[in-house]
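Listing of protein-v4.cif, mmCIF, C-alpha atoms and all ligand atoms
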```
data_coords
loop_
_atom_site.label_atom_id
_atom_site.label_comp_id
_atom_site.auth_asym_id
_atom_site.auth_seq_id
_atom_site.Cartn_x
_atom_site.Cartn_y
_atom_site.Cartn_z
CA MET A 11 105.39 138.27 120.56
CA GLU A 12 106.24 138.23 116.87
CA ILE A 13 107.26 135.59 114.38
CA SER A 14 109.25 135.87 111.19
CA LEU A 15 107.45 134.40 108.19
CA SER A 16 109.65 133.70 105.20
CA VAL A 17 107.52 133.23 102.06
CA SER A 18 108.73 131.74 98.79
CA ARG A 19 107.94 134.15 95.94
CA SER A 20 108.17 133.15 92.30
CA THR A 21 108.60 136.48 90.51
CA PRO A 22 110.79 137.84 89.02
CA LYS A 23 112.68 134.69 89.99
CA ARG A 24 112.38 132.38 92.98
CA HIS A 25 113.39 134.08 96.23
CA PHE A 26 112.20 134.41 99.83
CA GLU A 27 110.53 137.45 101.36
CA GLU A 28 110.46 137.99 105.12
CA PHE A 29 107.41 139.26 106.97
CA THR A 30 107.07 140.02 110.66
CA ILE A 31 103.74 138.80 112.00
CA PRO A 32 102.27 139.53 115.46
CA LEU A 33 101.56 136.13 117.02
CA GLN A 34 98.09 135.40 118.35
CA LYS A 35 96.93 132.44 120.41
CA GLY A 36 95.87 129.52 118.21
CA MET A 37 97.27 131.18 115.07
CA THR A 38 97.81 128.78 112.16
CA VAL A 39 100.35 129.11 109.35
CA LEU A 40 97.44 130.01 107.06
CA ASP A 41 96.32 132.76 109.49
CA ALA A 42 99.86 134.18 109.40
CA LEU A 43 99.86 134.13 105.61
CA ILE A 44 96.44 135.78 105.46
CA TYR A 45 97.70 138.46 107.88
CA ALA A 46 100.71 139.09 105.62
CA LYS A 47 98.49 139.23 102.52
CA GLU A 48 95.94 141.56 104.10
CA ASN A 49 98.35 143.92 105.82
CA LEU A 50 101.82 143.69 104.32
CA ASP A 51 101.78 142.52 100.70
CA HIS A 52 98.56 141.93 98.72
CA SER A 53 100.41 140.17 95.95
CA ILE A 54 101.26 136.96 97.86
CA ALA A 55 99.65 134.09 95.93
CA MET A 56 98.31 131.11 97.88
CA ARG A 57 95.37 128.73 97.63
CA TYR A 58 92.92 128.02 100.42
CA SER A 59 89.23 127.69 101.01
CA CYS A 60 87.74 125.80 103.96
CA ARG A 61 90.36 126.69 106.64
CA MET A 62 89.52 123.42 108.41
CA ALA A 63 91.47 120.64 106.69
CA VAL A 64 88.57 119.60 104.49
CA CYS A 65 89.10 121.05 101.03
CA GLY A 66 92.76 120.07 100.71
CA SER A 67 93.80 123.23 98.89
CA CYS A 68 96.29 124.83 101.31
CA GLY A 69 99.08 122.24 101.07
CA MET A 70 102.57 123.74 101.19
CA LYS A 71 105.98 123.05 102.65
CA VAL A 72 106.25 124.48 106.14
CA ASN A 73 109.80 124.47 107.48
CA GLY A 74 110.67 121.88 104.85
CA ARG A 75 107.80 119.47 105.48
CA PRO A 76 104.58 119.15 103.42
CA MET A 77 101.68 120.28 105.61
CA LEU A 78 98.22 121.83 105.43
CA ALA A 79 98.74 125.52 106.37
CA CYS A 80 95.25 125.71 107.91
CA TYR A 81 95.84 122.63 110.05
CA THR A 82 99.25 123.61 111.40
CA GLN A 83 99.39 125.86 114.42
CA ILE A 84 102.44 128.10 114.76
CA SER A 85 102.87 126.86 118.35
CA GLU A 86 103.38 123.25 117.23
CA LEU A 87 106.32 124.24 115.01
CA LYS A 88 108.38 125.13 118.10
CA SER A 89 110.13 127.97 116.29
CA ASN A 90 109.46 131.64 115.69
CA ARG A 91 111.05 131.44 112.24
CA ILE A 92 108.69 129.91 109.71
CA LYS A 93 109.54 129.21 106.12
CA VAL A 94 106.76 128.42 103.63
CA GLU A 95 107.40 127.05 100.15
CA PRO A 96 105.30 125.50 97.37
CA LEU A 97 104.89 121.71 97.33
CA ASP A 98 107.53 119.61 95.59
CA ASN A 99 106.79 117.39 92.58
CA CYS A 100 104.34 119.93 91.10
CA ALA A 101 105.00 122.85 88.76
CA ILE A 102 104.75 126.27 90.43
CA ILE A 103 102.03 128.55 89.09
CA ARG A 104 102.87 131.45 91.40
CA ASP A 105 104.42 131.80 94.84
CA LEU A 106 102.78 129.04 96.91
CA VAL A 107 100.28 127.94 94.27
CA THR A 108 101.18 124.74 92.44
CA ASP A 109 99.71 123.06 89.39
CA PHE A 110 97.73 119.95 90.38
CA ALA A 111 96.78 118.93 86.83
CA GLU A 112 99.15 115.94 86.78
CA PHE A 113 98.15 114.87 90.28
CA PHE A 114 94.46 114.92 89.41
CA SER A 115 95.00 113.16 86.11
CA HIS A 116 96.68 110.28 87.98
CA HIS A 117 93.76 110.26 90.40
CA LYS A 118 91.24 110.12 87.54
CA SER A 119 93.19 107.39 85.74
CA VAL A 120 92.46 104.79 88.45
CA HIS A 121 88.66 105.14 87.98
CA PRO A 122 87.97 106.49 91.48
CA TYR A 123 84.30 105.52 91.62
CA LEU A 124 82.27 102.35 92.03
CA ILE A 125 82.10 100.25 88.89
CA ARG A 126 79.35 97.67 88.49
CA ASN A 127 78.92 95.25 85.61
CA ASP A 128 75.21 95.95 85.52
CA VAL A 129 75.22 99.69 84.78
CA LYS A 130 71.44 99.87 84.42
CA GLU A 131 70.96 98.38 87.87
CA GLN A 132 73.58 100.77 89.27
CA ASP A 133 71.76 103.79 87.88
CA ASN A 134 68.33 102.56 88.94
CA PRO A 135 68.95 100.30 91.91
CA VAL A 136 66.05 98.23 93.13
CA LYS A 137 67.66 97.39 96.46
CA GLU A 138 70.39 98.69 98.75
CA PHE A 139 74.03 97.59 98.36
CA LEU A 140 74.42 96.25 101.88
CA GLN A 141 77.86 96.01 103.51
CA LYS A 142 79.00 94.45 106.74
CA PRO A 143 81.05 96.65 109.12
CA GLU A 144 84.18 94.51 108.39
CA GLU A 145 83.73 95.20 104.69
CA VAL A 146 83.54 98.94 105.31
CA GLU A 147 86.60 98.75 107.59
CA LYS A 148 88.71 97.49 104.67
CA TYR A 149 88.57 100.76 102.76
CA LEU A 150 87.20 103.32 105.21
CA GLN A 151 90.43 105.19 106.02
CA TYR A 152 91.18 105.67 102.30
CA SER A 153 87.81 107.29 101.75
CA TYR A 154 88.92 110.14 104.07
CA CYS A 155 91.39 111.39 101.44
CA ILE A 156 90.91 115.11 100.72
CA LYS A 157 93.25 115.11 97.69
CA CYS A 158 95.60 117.63 99.23
CA GLY A 159 98.60 116.17 97.37
CA LEU A 160 100.93 116.17 100.39
CA CYS A 161 101.72 112.48 99.95
CA TYR A 162 102.32 113.01 96.22
CA SER A 163 104.73 115.85 96.92
CA ALA A 164 106.64 113.83 99.52
CA CYS A 165 107.02 110.71 97.34
CA PRO A 166 110.60 110.10 96.13
CA THR A 167 109.40 107.88 93.26
CA VAL A 168 107.13 110.64 91.92
CA ALA A 169 110.16 112.97 92.07
CA ALA A 170 112.05 110.65 89.70
CA ASP A 171 109.23 109.21 87.59
CA LYS A 172 106.40 111.51 86.52
CA GLU A 173 104.46 108.58 85.03
CA PHE A 174 104.26 106.90 88.44
CA PRO A 175 100.66 107.43 89.67
CA GLY A 176 101.80 108.35 93.17
CA PRO A 177 100.57 107.24 96.59
CA GLN A 178 97.25 109.05 96.47
CA ALA A 179 96.07 107.48 93.20
CA LEU A 180 97.32 104.02 94.16
CA ALA A 181 95.65 104.21 97.58
CA GLN A 182 92.43 105.25 95.84
CA ALA A 183 92.72 102.30 93.45
CA TYR A 184 92.92 100.09 96.54
CA ARG A 185 90.02 101.93 98.17
CA TYR A 186 87.66 100.97 95.32
CA ILE A 187 89.09 97.50 94.64
CA ALA A 188 88.68 96.61 98.32
CA ASP A 189 85.06 97.81 98.29
CA SER A 190 82.75 94.79 98.26
CA ARG A 191 80.28 96.67 96.01
CA ASP A 192 82.86 97.27 93.29
CA GLU A 193 83.41 95.10 90.23
CA GLY A 194 86.05 97.19 88.42
CA ILE A 195 89.20 95.45 89.64
CA GLN A 196 90.44 94.47 86.17
CA LYS A 197 90.00 98.01 84.80
CA ARG A 198 92.14 99.45 87.61
CA ILE A 199 94.77 96.73 87.49
CA ASP A 200 95.20 97.44 83.77
CA VAL A 201 96.09 101.03 84.73
CA ILE A 202 98.38 100.37 87.68
CA ASP A 203 100.16 97.15 86.70
CA THR A 204 102.50 98.78 84.18
CA ALA A 205 106.22 99.52 83.95
CA HIS A 206 105.62 102.86 85.74
CA GLY A 207 102.88 101.59 88.00
CA ILE A 208 102.62 100.04 91.44
CA ALA A 209 105.79 97.94 91.08
CA ARG A 210 107.84 101.14 91.19
CA CYS A 211 106.86 101.92 94.81
CA HIS A 212 109.98 101.48 96.94
CA PHE A 213 108.00 101.67 100.17
CA ALA A 214 109.81 104.78 101.41
CA GLY A 215 106.73 105.49 103.53
CA THR A 216 107.00 109.29 103.33
CA CYS A 217 103.41 109.44 102.04
CA SER A 218 102.02 107.97 105.24
CA SER A 219 104.17 110.15 107.46
CA VAL A 220 102.86 113.41 105.96
CA CYS A 221 99.17 112.62 105.43
CA PRO A 222 97.15 115.14 107.48
CA LYS A 223 94.12 112.83 107.60
CA GLY A 224 95.99 109.95 109.20
CA ILE A 225 95.62 107.75 106.13
CA ASP A 226 98.31 105.17 105.44
CA PRO A 227 98.71 105.21 101.64
CA ALA A 228 101.85 103.06 101.87
CA GLN A 229 99.81 100.33 103.51
CA GLY A 230 97.14 100.67 100.81
CA ILE A 231 99.82 100.19 98.15
CA GLN A 232 101.16 97.06 99.86
CA LEU A 233 97.62 95.64 100.16
CA LEU A 234 97.04 96.49 96.50
CA ARG A 235 100.16 94.55 95.53
CA ARG A 236 98.43 91.36 96.71
CA TYR A 237 95.81 91.93 94.03
CA THR A 238 98.31 92.69 91.24
CA LEU A 239 100.35 89.63 92.17
CA SER A 240 97.08 87.65 92.07
CA LEU A 241 97.56 86.56 95.67
CA LYS A 242 94.13 87.96 96.44
CA ARG A 243 91.00 88.51 94.38
CA MET B 7 111.80 88.69 77.89
CA PHE B 8 111.57 92.43 78.50
CA PHE B 9 110.14 93.07 75.03
CA LEU B 10 107.10 91.09 76.11
CA GLY B 11 106.38 94.06 78.38
CA ASP B 12 102.97 94.65 76.82
CA TYR B 13 101.97 91.02 77.19
CA LEU B 14 103.82 90.14 80.35
CA ARG B 15 102.47 92.35 83.11
CA GLU B 16 104.91 94.26 85.29
CA SER B 17 103.76 92.35 88.37
CA ARG B 18 104.62 89.06 86.60
CA ILE B 19 108.08 90.37 85.69
CA MET B 20 108.60 91.45 89.30
CA LEU B 21 107.40 88.06 90.53
CA LEU B 22 110.07 86.49 88.30
CA HIS B 23 112.50 89.05 89.73
CA TYR B 24 111.79 87.93 93.30
CA PHE B 25 111.84 84.29 92.22
CA SER B 26 115.22 84.70 90.48
CA GLY B 27 116.57 86.43 93.62
CA VAL B 28 115.67 83.40 95.69
CA GLY B 29 116.96 81.21 92.84
CA ILE B 30 120.36 82.92 93.01
CA LEU B 31 120.56 82.21 96.73
CA VAL B 32 119.56 78.57 96.38
CA SER B 33 121.51 77.67 93.23
CA GLY B 34 124.49 79.74 94.46
CA ALA B 35 124.49 77.79 97.74
CA ILE B 36 124.20 74.44 95.91
CA HIS B 37 127.00 75.54 93.60
CA LEU B 38 129.29 76.31 96.53
CA VAL B 39 128.42 73.06 98.29
CA LEU B 40 129.14 71.09 95.11
CA VAL B 41 132.49 72.83 94.65
CA PHE B 42 133.45 71.43 98.02
CA PHE B 43 131.98 67.97 97.60
CA VAL B 44 132.38 67.01 93.92
CA GLY B 45 135.86 65.63 94.23
CA SER B 46 138.06 67.12 96.83
CA TYR B 47 138.42 70.84 97.13
CA GLU B 48 142.12 70.69 96.26
CA GLU B 49 141.40 68.67 93.14
CA ASN B 50 138.72 71.02 91.90
CA LEU B 51 140.36 74.32 92.40
CA SER B 52 144.03 73.52 92.81
CA PHE B 53 146.39 75.19 90.42
CA ASP B 54 148.32 71.97 89.96
CA GLY B 55 145.83 70.53 87.52
CA GLY B 56 145.57 73.92 85.81
CA ILE B 57 142.43 74.56 83.77
CA PHE B 58 141.73 70.81 83.50
CA SER B 59 140.87 70.44 87.15
CA VAL B 60 138.26 73.20 86.72
CA ILE B 61 136.93 71.65 83.52
CA ALA B 62 136.67 68.28 85.25
CA VAL B 63 134.17 69.76 87.65
CA TYR B 64 131.81 70.63 84.77
CA ARG B 65 131.56 66.94 83.85
CA ASN B 66 129.44 66.41 86.89
CA PHE B 67 125.87 66.88 85.63
CA ALA B 68 124.46 68.32 88.87
CA PHE B 69 127.25 70.85 88.97
CA ALA B 70 126.82 71.92 85.34
CA PHE B 71 123.05 72.12 85.77
CA THR B 72 123.14 74.35 88.86
CA LEU B 73 125.75 76.53 87.22
CA GLU B 74 123.46 76.94 84.21
CA LEU B 75 120.54 77.78 86.51
CA LEU B 76 122.69 80.28 88.41
CA LEU B 77 123.69 81.89 85.12
CA ILE B 78 120.05 82.29 84.02
CA PHE B 79 118.91 83.62 87.41
CA VAL B 80 121.79 86.11 87.69
CA ALA B 81 121.35 87.35 84.11
CA PHE B 82 117.61 87.88 84.56
CA HIS B 83 117.86 89.42 88.01
CA ALA B 84 120.73 91.77 87.19
CA PHE B 85 119.39 93.02 83.88
CA ASN B 86 115.83 93.39 85.11
CA GLY B 87 117.18 95.39 88.07
CA LEU B 88 119.09 97.60 85.68
CA ARG B 89 115.96 98.02 83.51
CA VAL B 90 113.94 99.15 86.55
CA ILE B 91 116.59 101.73 87.48
CA LEU B 92 116.90 103.05 83.93
CA ILE B 93 113.18 103.45 83.21
CA GLU B 94 112.75 105.18 86.54
CA LEU B 95 115.54 107.64 85.78
CA TYR B 96 114.12 108.75 82.42
CA GLN B 97 110.71 108.29 80.88
CA GLY B 98 109.44 108.05 77.32
CA LYS B 99 108.31 105.24 75.02
CA LYS B 100 111.45 105.38 72.83
CA TRP B 101 113.83 105.24 75.81
CA GLU B 102 111.89 102.39 77.37
CA MET B 103 111.90 100.35 74.16
CA SER B 104 115.64 100.94 73.67
CA VAL B 105 116.39 99.94 77.27
CA ASN B 106 114.24 96.79 76.90
CA TRP B 107 115.80 95.66 73.61
CA VAL B 108 119.42 96.47 74.46
CA LEU B 109 119.29 94.83 77.89
CA THR B 110 117.43 91.78 76.54
CA ALA B 111 120.08 91.40 73.81
CA ILE B 112 122.99 91.65 76.28
CA ALA B 113 121.31 89.27 78.76
CA ALA B 114 120.54 86.76 75.98
CA PHE B 115 124.11 86.98 74.69
CA LEU B 116 125.52 86.35 78.17
CA VAL B 117 123.25 83.36 78.76
CA ILE B 118 124.05 81.85 75.33
CA TYR B 119 127.78 82.45 75.75
CA GLY B 120 127.77 81.04 79.29
CA THR B 121 125.74 78.00 78.22
CA ARG B 122 128.19 77.39 75.39
CA THR B 123 131.06 77.44 77.91
CA VAL B 124 129.28 74.98 80.20
CA LEU B 125 128.52 72.64 77.26
CA LEU B 126 132.02 72.87 75.76
CA ALA B 127 133.61 72.16 79.12
CA ARG B 128 131.47 69.02 79.40
CA LEU B 129 132.49 67.87 75.90
CA ILE B 130 136.26 68.28 76.34
S1 LIG A 301 96.29 110.34 101.07
FE1 LIG A 301 96.48 111.93 102.67
S2 LIG A 301 98.20 113.18 101.97
FE2 LIG A 301 97.56 111.98 100.22
S3 LIG A 301 96.15 113.32 99.11
FE3 LIG A 301 94.90 112.01 100.48
S4 LIG A 301 94.66 113.23 102.36
FE4 LIG A 301 96.34 114.18 101.19
S1 LIG A 302 92.06 125.55 103.58
FE1 LIG A 302 90.96 123.74 103.17
S2 LIG A 302 92.33 122.23 103.79
FE2 LIG A 302 93.35 124.02 104.37
#
```
Can you turn what I pasted into structure tokens?
Ligand code: SF4
Ligand code: FES
Amino acid sequence: MEISLSVSRSTPKRHFEEFTIPLQKGMTVLDALIYAKENLDHSIAMRYSCRMAVCGSCGMKVNGRPMLACYTQISELKSNRIKVEPLDNCAIIRDLVTDFAEFFSHHKSVHPYLIRNDVKEQDNPVKEFLQKPEEVEKYLQYSYCIKCGLCYSACPTVAADKEFPGPQALAQAYRYIADSRDEGIQKRIDVIDTAHGIARCHFAGTCSSVCPKGIDPAQGIQLLRRYTLSLKR
Amino acid sequence: MFFLGDYLRESRIMLLHYFSGVGILVSGAIHLVLVFFVGSYEENLSFDGGIFSVIAVYRNFAFAFTLELLLIFVAFHAFNGLRVILIELYQGKKWEMSVNWVLTAIAAFLVIYGTRTVLLARLI
């Protein structure tokens, strides 16, 4: 059995190229792309590394929906016509490769690391930072984020407002604020509580529906709102 | 109010936005109830008395006060909503400042003009 793989190409201008791929059991979209690159056209540009949904680099639109190519089996698409395109809301570098500079700069802006008032103690701790299981539960799912950018590309607010940090960065802000070891809440609120910040989330929920790691960034944003509205400290 | 953007955090502005939304509902409902109960309905809104029957309603303090509140809530809620839409459509410091100043000026003008009408109607 064969499938038809339609790949978005960026040169000389944006168009689709069709490839016929022999289907194998358990074949993923990434496997099909690698087959096309190895056997049919070496010039297809795509980004991947781990092939096991860990590195977050193979995000692309598969039949119109942001997905990880390595984590999506052809069989689950229920079609033998597959269309792959670069992610939305990011500039295209070439073919399926998009520029993540903006995405990562939003991520960095929310200080995605533990902040302690006593920096010396943090660098040379004399005891463990103990946490109860309930405390870990508060932020655990958000720590599974692999920064694949699928939620960012699916977010309608990001599409309209490039200064909006996006679901990934906001969920990460929540991840650290909710961590009982962290003391950097004010620093992060200064970044997210702006005219283009958290208040611009319209709770469309597309971020949560596309996350391949089962994270619920939309929920993280709603929980974060309680901190910005000073309902919770 | 919008030009205080740097001092007044966005979450505070949005809190006022939600508050003014509820305020519109409450003061709007009180306003409607008062229209029915301050004097008879026919007296207040009948065309027989012409503009004077409408003006007479403003003499009631509770009525004038809720109308003033409604005016402030509607002006804030509507113009803040418009600000949110406009800054989301386009970005840039200059655009944002212009949107803030222009909308604040229009909202302030409307509130001042409306307040003047309420006060004048009470003085006639
Ligand atoms: S929250 Fe999910 S979709 Fe968004 S970057 Fe992290 S892993 Fe990807
Ligand atoms: S190749 Fe690493 S997540 Fe797909």
Check your understanding: Which residues of chain B are close to chain A, meaning at most 10 Å apart when you count all atoms listed in the file, and how do they look as a list in words?
Key ->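 Result, ordered by chain then number: Gly11, Asp12, Leu14, Arg15, Glu16, Ser17, Arg18, Ile19, Met20, Leu21, Arg89, Val90, Ile91, Ile93, Glu94, Leu95, Tyr96, Gln97, Gly98 and Glu102 of chain B.
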**Study point:** Given 7 Å and all atoms listed in the file, residues near ligand LIG 302 (chain A) as number ranges by chain
**Key:** A: 58-69, 78-81
Check your understanding: What is the distance between atom CA of Leu233 of chain A and atom CA of Asn106 of chain B, in Å to one decimal?
Key ->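 Straight-line distance from atom CA of Leu233 of chain A to atom CA of Asn106 of chain B works out to 28.6 Å.
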**Study point:** Contacts to ligand LIG 301 (chain A) at 8 Å cut-off (only C-alpha atoms and all ligand atoms) as a ChimeraX atom specification
**Key:** /A:66,152,154-162,177-178,181,217-218,220-227
Include C-alpha atoms and write out the residues we just selected as a PDB file, in the coordinates of the input.
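again.pdb, written as the output of this step:
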```
ATOM      1  CA  GLY A  66      92.760 120.070 100.710  1.00  0.00           C
ATOM      2  CA  TYR A 152      91.180 105.670 102.300  1.00  0.00           C
ATOM      3  CA  TYR A 154      88.920 110.140 104.070  1.00  0.00           C
ATOM      4  CA  CYS A 155      91.390 111.390 101.440  1.00  0.00           C
ATOM      5  CA  ILE A 156      90.910 115.110 100.720  1.00  0.00           C
ATOM      6  CA  LYS A 157      93.250 115.110  97.690  1.00  0.00           C
ATOM      7  CA  CYS A 158      95.600 117.630  99.230  1.00  0.00           C
ATOM      8  CA  GLY A 159      98.600 116.170  97.370  1.00  0.00           C
ATOM      9  CA  LEU A 160     100.930 116.170 100.390  1.00  0.00           C
ATOM     10  CA  CYS A 161     101.720 112.480  99.950  1.00  0.00           C
ATOM     11  CA  TYR A 162     102.320 113.010  96.220  1.00  0.00           C
ATOM     12  CA  PRO A 177     100.570 107.240  96.590  1.00  0.00           C
ATOM     13  CA  GLN A 178      97.250 109.050  96.470  1.00  0.00           C
ATOM     14  CA  ALA A 181      95.650 104.210  97.580  1.00  0.00           C
ATOM     15  CA  CYS A 217     103.410 109.440 102.040  1.00  0.00           C
ATOM     16  CA  SER A 218     102.020 107.970 105.240  1.00  0.00           C
ATOM     17  CA  VAL A 220     102.860 113.410 105.960  1.00  0.00           C
ATOM     18  CA  CYS A 221      99.170 112.620 105.430  1.00  0.00           C
ATOM     19  CA  PRO A 222      97.150 115.140 107.480  1.00  0.00           C
ATOM     20  CA  LYS A 223      94.120 112.830 107.600  1.00  0.00           C
ATOM     21  CA  GLY A 224      95.990 109.950 109.200  1.00  0.00           C
ATOM     22  CA  ILE A 225      95.620 107.750 106.130  1.00  0.00           C
ATOM     23  CA  ASP A 226      98.310 105.170 105.440  1.00  0.00           C
ATOM     24  CA  PRO A 227      98.710 105.210 101.640  1.00  0.00           C
TER      25      PRO A 227
END
```
Exercise for review: Name the closest residue to Pro22 of chain A among the candidates A:Leu180, A:Gln232, A:Asp105, A:Met56; distances are taken between atoms, counting all atoms listed in the file.
Suggested key: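 The answer is A:Asp105, which sits nearest to Pro22 of chain A.
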Point to revise | Pairwise distance for atom CA of Asp133 of chain A and atom CA of Phe113 of chain A, rounded to one decimal in Å | key: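 Rounded to one decimal, the two atoms are 28.7 Å apart.
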**Study point:** Who sits within 12 Å of Val32 of chain B, all atoms listed in the file, same chain under 3 positions skipped, as a list in words
**Key:** Phe25, Ser26, Gly27, Val28, Gly29, Ala35, Ile36, His37, Leu38, Val39, Thr72, Leu73, Leu75, Leu76, Phe79 and Val80 of chain B
Point to revise | Between atom CA of Ile231 of chain A and atom CA of Val94 of chain A - distance in Å to one decimal | key: 29.6 Å
Exercise for review: Name all residues at most 12 Å from Glu138 of chain A (count only C-alpha atoms; drop same-chain ones fewer than 5 positions away) and give them as JSON, numbers by chain.
Suggested key: {"A": [131, 132, 191]}
Check your understanding: Which neighbours of Val17 of chain A fall inside 7 Å, counting all atoms listed in the file, when residues of the same chain fewer than 5 positions from it are skipped, and could you give them as a PyMOL selection string?
Key -> chain A and resi 26-28+93-95
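Comparing the minimum interatomic distances between Ala188 of chain A and each of A:Pro32, A:Gly74, A:Gly230, A:Pro96, counting all atoms listed in the file, we find that A:Gly230 sits nearest.
In this comparison, which uses all atoms listed in the file, the residue of A:Pro122, A:Pro166, A:Gly176, A:Gly215 approaching Gln229 of chain A most closely is A:Gly215.
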Point to revise | Which residue of A:Val120, A:Ala228, A:Val136, A:Met70 approaches Arg198 of chain A most closely, using all atoms listed in the file | key: A:Val120
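All residues of protein, DNA or RNA that reach within 6 Å of His116 of chain A, judged by all atoms listed in the file and not counting those fewer than 3 positions away in the chain, are A:Phe113, A:Ser119, A:Pro175, A:Ala179.
Considering all atoms listed in the file, the residue among A:Ala183, A:Leu87, A:Ala164, A:Met11 positioned nearest to Thr216 of chain A is A:Ala164.
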